[in-house]
Amino acid sequence: MRRLSGVLCWVLVLGAMAWAGEDVLVMGVTAEPETLDPHVTVDNNSWRAIYYCYDRLVEYEGGTTKLRPGLAQSWEISEDGLTYTFHLRQGITFIDGTPFNAEAVRFNFERLFAIGKGPAGTFEFIKSVEVIDEYTIKFVLDAPFAPALSAFATDQGCIVSPGVMEHEVDGDWGQDWLSEHTAGTGPFYAAEWIHGMRLVLKRNEGYWGEPAKLAQVELRYVPEPEDLRMLLEKGEIDIAEKLTVDQIQSLKGVPGIRVFEAPSFQCHYIYLNCQRPYLNDVRVRRAISYAIDYQGIVDYIWQGTAVRMEGPVPIGFAEHIPVYQYPYDPERAKALLEEAGYDKGFTLRIMHSPVVPEWRQMAIVVQQNLAEIGIDVEVESYAWPTLRAKLDQGDFDMSFGYWTPDYADADMFTWFWFYSENWGLPGNRAWYKNEVMDDLVTAERVEINPEERQRLFEGIQWLAVSDAPYVYLVQAKYQLPMREWVKGYVYNPMLLNMPNFSGIYIEK
Amino acid sequence: MLAFFIARRLLLLVPTLLGVLLITFLISHIVPGDAAQLIAGPRATPEIIQRIRQEYGLDKPLHIQFAIYLGQVLRGDLGKSIRTRRPVGADIRAFFPATFELTTTAMLLAVLLGIPLGVISAVYRDRLPDHLSRVFSVIGVSMPIFWLGLLLLFLFYIRLGILPGPGRISGDPPAHITGLYLFDSLLTGNWRALGDAALHLVLPSFTLAFAVLARITRMTRSSMLEALAQDYVRTARAKGLHERWVVVRHGLRNALIPTLTVIGLSYGELLGGAVATELIFAWPGMTHYVVGSMTSLDFPAVMGVTLVIAIIYITVNLLVDITYALVDPRIRY
């Protein structure tokens with residue numbers, strides 16, 4: 001009898017193991033989260049780990065930038081655009097057993113502002129938060145702010161359990177504890193984190209919505225992309241994040257592997273420092289925009305994994321309009337330089353950082369292109385923090401850079417980039433100032449009439465191309481290599497690098 | 001006398017470590033860039049950045065920052081990492097065992113293979129075993145770790161499939177006692193984890209050991225040749241001693257001093273080489289921690305790691321100096 005039960009045990013254990021293989025997803029990633037606290041982090045790697053451990057008041061609808069109800073089942077925006085009232089879902093509890101209600105939401109914004117780190121910046125527009133009743137909460141704004149609603153769908157808008165205060169040490173609002181744990185209402189929770197190795201998310205069995213199909217998601221930390229490729233080919237991981245353009249090309253056609261591809265909102269461009277000699281002349285900036293071989297960059301450096309940008313607002317945004325694209329025309333560029341009185345040529349420096357390998361290659365193309373019109377370019381490579389510091393101080397002529405939006409509103413590509421009070425890291429990295437532009441981008445922020453707002457955006461896009469403070473290079477495609485047995489993956493350009501673990505399943 | 005020697009060496013450790021700390025501190029503060037800015041993220045307001053600066057004491061003058069830091073270190077507190085927001089000591093305790101296990105295995109491998117190879121090479125001078133071992137060591141000295149690691153992975157993992165791929169263990173790690181998987185799985189009797197961890201160690205430790213192994217082989221070979229040409233060896237042979245006895249007792253023992261020096265110095269190289277090895281084999285050691293810290297200007301972490309590595313390096317070399325006395329009775333401290 002004992003032997004029989006022993007055998008039975010083994011059968012059960014083996015069965016459970018085989019079964020476990022089917023609903024465990026292993027995603028290989030090259031970087032670990034810094035912390036798991038959504039009120040502290042602005043790091044993509046952290047967001048990927050925690051986004052599905054939490055819910056937000058509003059959520060992105062599937063693969064679109066549209067918003068749908070989340071923890072709030074409905075909401076009203078006052079006519080003057082100054083108050084947002086959310087009606088919350090009832091009967092939800094956090095993973096730690098704390099009930100979800102308006103008080104919990106208020107606590108989140110109190111904590112967010114008290115901690116006052118990066119994520120607080122996303123909700124700067126909030127003046128006060130009022131609990132109306134147990135399931136109704138009202139946000140009052142300083143001034144109308146058109147993109148406000150979509151800010152609530154970002155990772156910074158994750159709703160954390162007030163229960164974290166039980167772990168508070170020295171008035172830290174539970175930051176130490178929450179940096180290693182999660183406390184949300186979402187479909188998963190962080191079960192184990194072995195630093196440098198793996199982070200395991202387990203299904204929240206008491207989830208209020210549709211439960212996740214996967215019982216477990218393992219984020220396995222593999223710093224070297226070449227290893228990721230090997231592990232994916234061997235089938236030891238199901239999804240591989242962040243391979244290089246070359247590696248992805250070599251995976252295409254490998255049986256059992258598919259490479260998901262879609263346009264993304266990750267834009268690469270060159271900042272032309274408008275406060276510097278030569279570049280303070282719009283004719284020089286236009287000449288540079290004419291001198292660059294965009295098609296060559298798309299075809300040979302990005303190998304077709306990017307498309308050329310069309311003005312400052314990325315293709316795919318509702319506010320985008322087809323504006324003028326500077327053609328590759330060195331003759332016209334030379335004529336412009338001559339008109340500006342620089343026919344003898346001059347020297348400029350351009351910065352890049354190894355963080356984006358393609359920048360170095362593009363720098364060489366730009367160097368060659370500008371040499372053709374008589375501009376001598378010196379290429380300089382800096383460590384990421386150094387490059388950012390130089391951008392912030394305006395200590396550069398030209399620099400490569402990229403930008404991805406936090407919320408789905410063209411404001412991310414207009415107010416941040418062109419408003420003269422945003423000089424430096426906040427967003428206006430070209431140190432550009434035009435009073436007409438300043439008026440347009442501040443008006444866009446507070447305009448509540450959608451048609452009027454769209455007209456403002458159109459003006460901004462034309463002026464942005466005409467003044468040419470940036471060279472609008474490429475919009476990279478998002479590529480995610482995975483095993484063919486990974487099903488149910490839905491790409492959302494607003495949740496870059498954050499696959500929908502709640503909907504994915506495995507079918508071998 | 002030996003105790004006096006050790007005490008003096010330990011005292012000398014203080015100015016050395018102070019120097020290490022000062023240099024690391026200066027370098028990490030001279031590079032342009034603002035750690036507070038990095039923590040706050042791209043869309044933070046100036047007030048937020050200022051608050052973070054205050055929280056981490058980044059708003060104070062440099063010498064005050066250094067003084068505060070030194071005070072903390074003397075109390076055994078390495079400070080709090082700016083990037084991971086955890087105490088640096090805790091982070092090092094989490095990551096260091098993996099690096100220690102890897103470098104120690106590599107060192108053992110290099111010594112246990114390198115010395116016999118060198119001896120064989122010297123004994124069979126200019127014959128086939130010597131040629132083979134010399135080719136082997138030239139390859140070892142000249143092959144970059146990065147390339148070797150990828151090559152070995154490709155061959156043994158992808159092609160032959162007889163050794164596991166990148167990582168430290170495939171299943172669950174053994175219960176945490178020391179953080180050294182081999183040791184922990186032995187202590188808890190977790191044989192699956194023991195085998196799993198040991199197999200995972202093979203490729204990375206060999207990759208890391210190869211260069212040092214080659215150097216030890218070459219050093220042992222040349223000092224063995226020198227020792228075997230000495231008069232006392234001829235005398236020993238003339239006495240009719242068995243050749244094996246001559247080689248080991250009279251030759252090797254006298255040839256070991258230069259090899260020991262190489263071993264001591266190589267430990268530093270192993271700690272440095274561990275960076276590339278850990279990267280290729282996705283080894284969860286200090287590398288990714290320290291690289292991540294550097295790129296985010298996380299100076300408490302960078303300094304904590306530098307301090308720990310300096311202490312280990314100095315300790316290993318102290319041990320080597322003590323071993324001199326054990327190997328060579330003429331050396332007295």
# chains A, B, ... in the order shown; residues from 1 in each chain; ligands from 1
$ residues_around --residues "range 482-499 of chain A" --least-positions-apart "2" --cutoff "6 Å" --atoms "only C-alpha atoms" --output "PyMOL selection string"
chain A and resi 48+63+238-239+256-258+264+501+503-508
$ interface_residues --of "chain B" --to "chain A" --cutoff "9 Å" --atoms "only C-alpha atoms" --output "JSON, numbers by chain"
{"B": [31, 32, 33, 34, 35, 37, 38, 39, 40, 41, 42, 43, 44, 45, 47, 48, 49, 51, 52, 83, 84, 85, 86, 91, 94, 95, 150, 153, 154, 157, 158, 165, 166, 167, 168, 278, 279, 280, 281, 282, 283, 284, 285, 286, 288, 289, 292, 295, 296, 297]}
$ atom_distance --atom1 "CA of Gly71 in chain B" --atom2 "CA of Arg53 in chain B"
19.5 Å
$ residues_around --residues "Val474 in chain A" --least-positions-apart "3" --cutoff "9 Å" --atoms "only C-alpha atoms" --output "list in words"
Gln266, Cys267, His268, Tyr269, Tyr294, Ile297, Val298, Ala306, Val307, Arg308, Met309 and Glu310 of chain A
$ write_last_selection --atoms "C-alpha atoms" --output "mmCIF file, in the first residue's frame"
data_model
loop_
_atom_site.group_PDB
_atom_site.id
_atom_site.type_symbol
_atom_site.label_atom_id
_atom_site.label_comp_id
_atom_site.auth_asym_id
_atom_site.auth_seq_id
_atom_site.Cartn_x
_atom_site.Cartn_y
_atom_site.Cartn_z
ATOM 1 C CA GLN A 266 9.830 55.296 -30.217
ATOM 2 C CA CYS A 267 11.240 58.205 -32.206
ATOM 3 C CA HIS A 268 14.881 58.902 -32.892
ATOM 4 C CA TYR A 269 15.972 62.355 -33.876
ATOM 5 C CA TYR A 294 17.003 59.450 -44.656
ATOM 6 C CA ILE A 297 19.513 55.363 -42.844
ATOM 7 C CA VAL A 298 16.229 53.445 -42.896
ATOM 8 C CA ALA A 306 12.075 51.673 -38.827
ATOM 9 C CA VAL A 307 10.164 54.187 -40.908
ATOM 10 C CA ARG A 308 11.053 57.783 -41.513
ATOM 11 C CA MET A 309 9.344 60.258 -39.194
ATOM 12 C CA GLU A 310 6.875 62.643 -40.708
#
$ residues_around --residues "Ala363 in chain A" --least-positions-apart "4" --cutoff "8 Å" --atoms "only C-alpha atoms" --output "ChimeraX atom specification"
/A:350,352,359,367,379
$ write_last_selection --atoms "N, CA and C atoms" --output "PDB file, in the first residue's frame"
ATOM      1  N   ILE A 350      28.771  66.387 -32.793  1.00  0.00           N
ATOM      2  CA  ILE A 350      27.530  65.640 -32.549  1.00  0.00           C
ATOM      3  C   ILE A 350      27.790  64.572 -31.494  1.00  0.00           C
ATOM      4  N   HIS A 352      26.638  61.115 -29.235  1.00  0.00           N
ATOM      5  CA  HIS A 352      25.781  59.932 -29.161  1.00  0.00           C
ATOM      6  C   HIS A 352      26.216  59.127 -27.961  1.00  0.00           C
ATOM      7  N   TRP A 359      22.892  54.659 -33.073  1.00  0.00           N
ATOM      8  CA  TRP A 359      23.287  56.078 -33.110  1.00  0.00           C
ATOM      9  C   TRP A 359      24.687  56.257 -33.675  1.00  0.00           C
ATOM     10  N   GLN A 367      27.809  62.447 -40.498  1.00  0.00           N
ATOM     11  CA  GLN A 367      29.119  63.086 -40.695  1.00  0.00           C
ATOM     12  C   GLN A 367      29.436  63.195 -42.189  1.00  0.00           C
ATOM     13  N   VAL A 379      32.439  63.568 -34.230  1.00  0.00           N
ATOM     14  CA  VAL A 379      31.534  62.653 -33.528  1.00  0.00           C
ATOM     15  C   VAL A 379      32.093  62.357 -32.139  1.00  0.00           C
TER      16      VAL A 379
END
$ atom_distance --atom1 "CA of Arg332 in chain B" --atom2 "CA of Ile6 in chain B"
12.2 Å
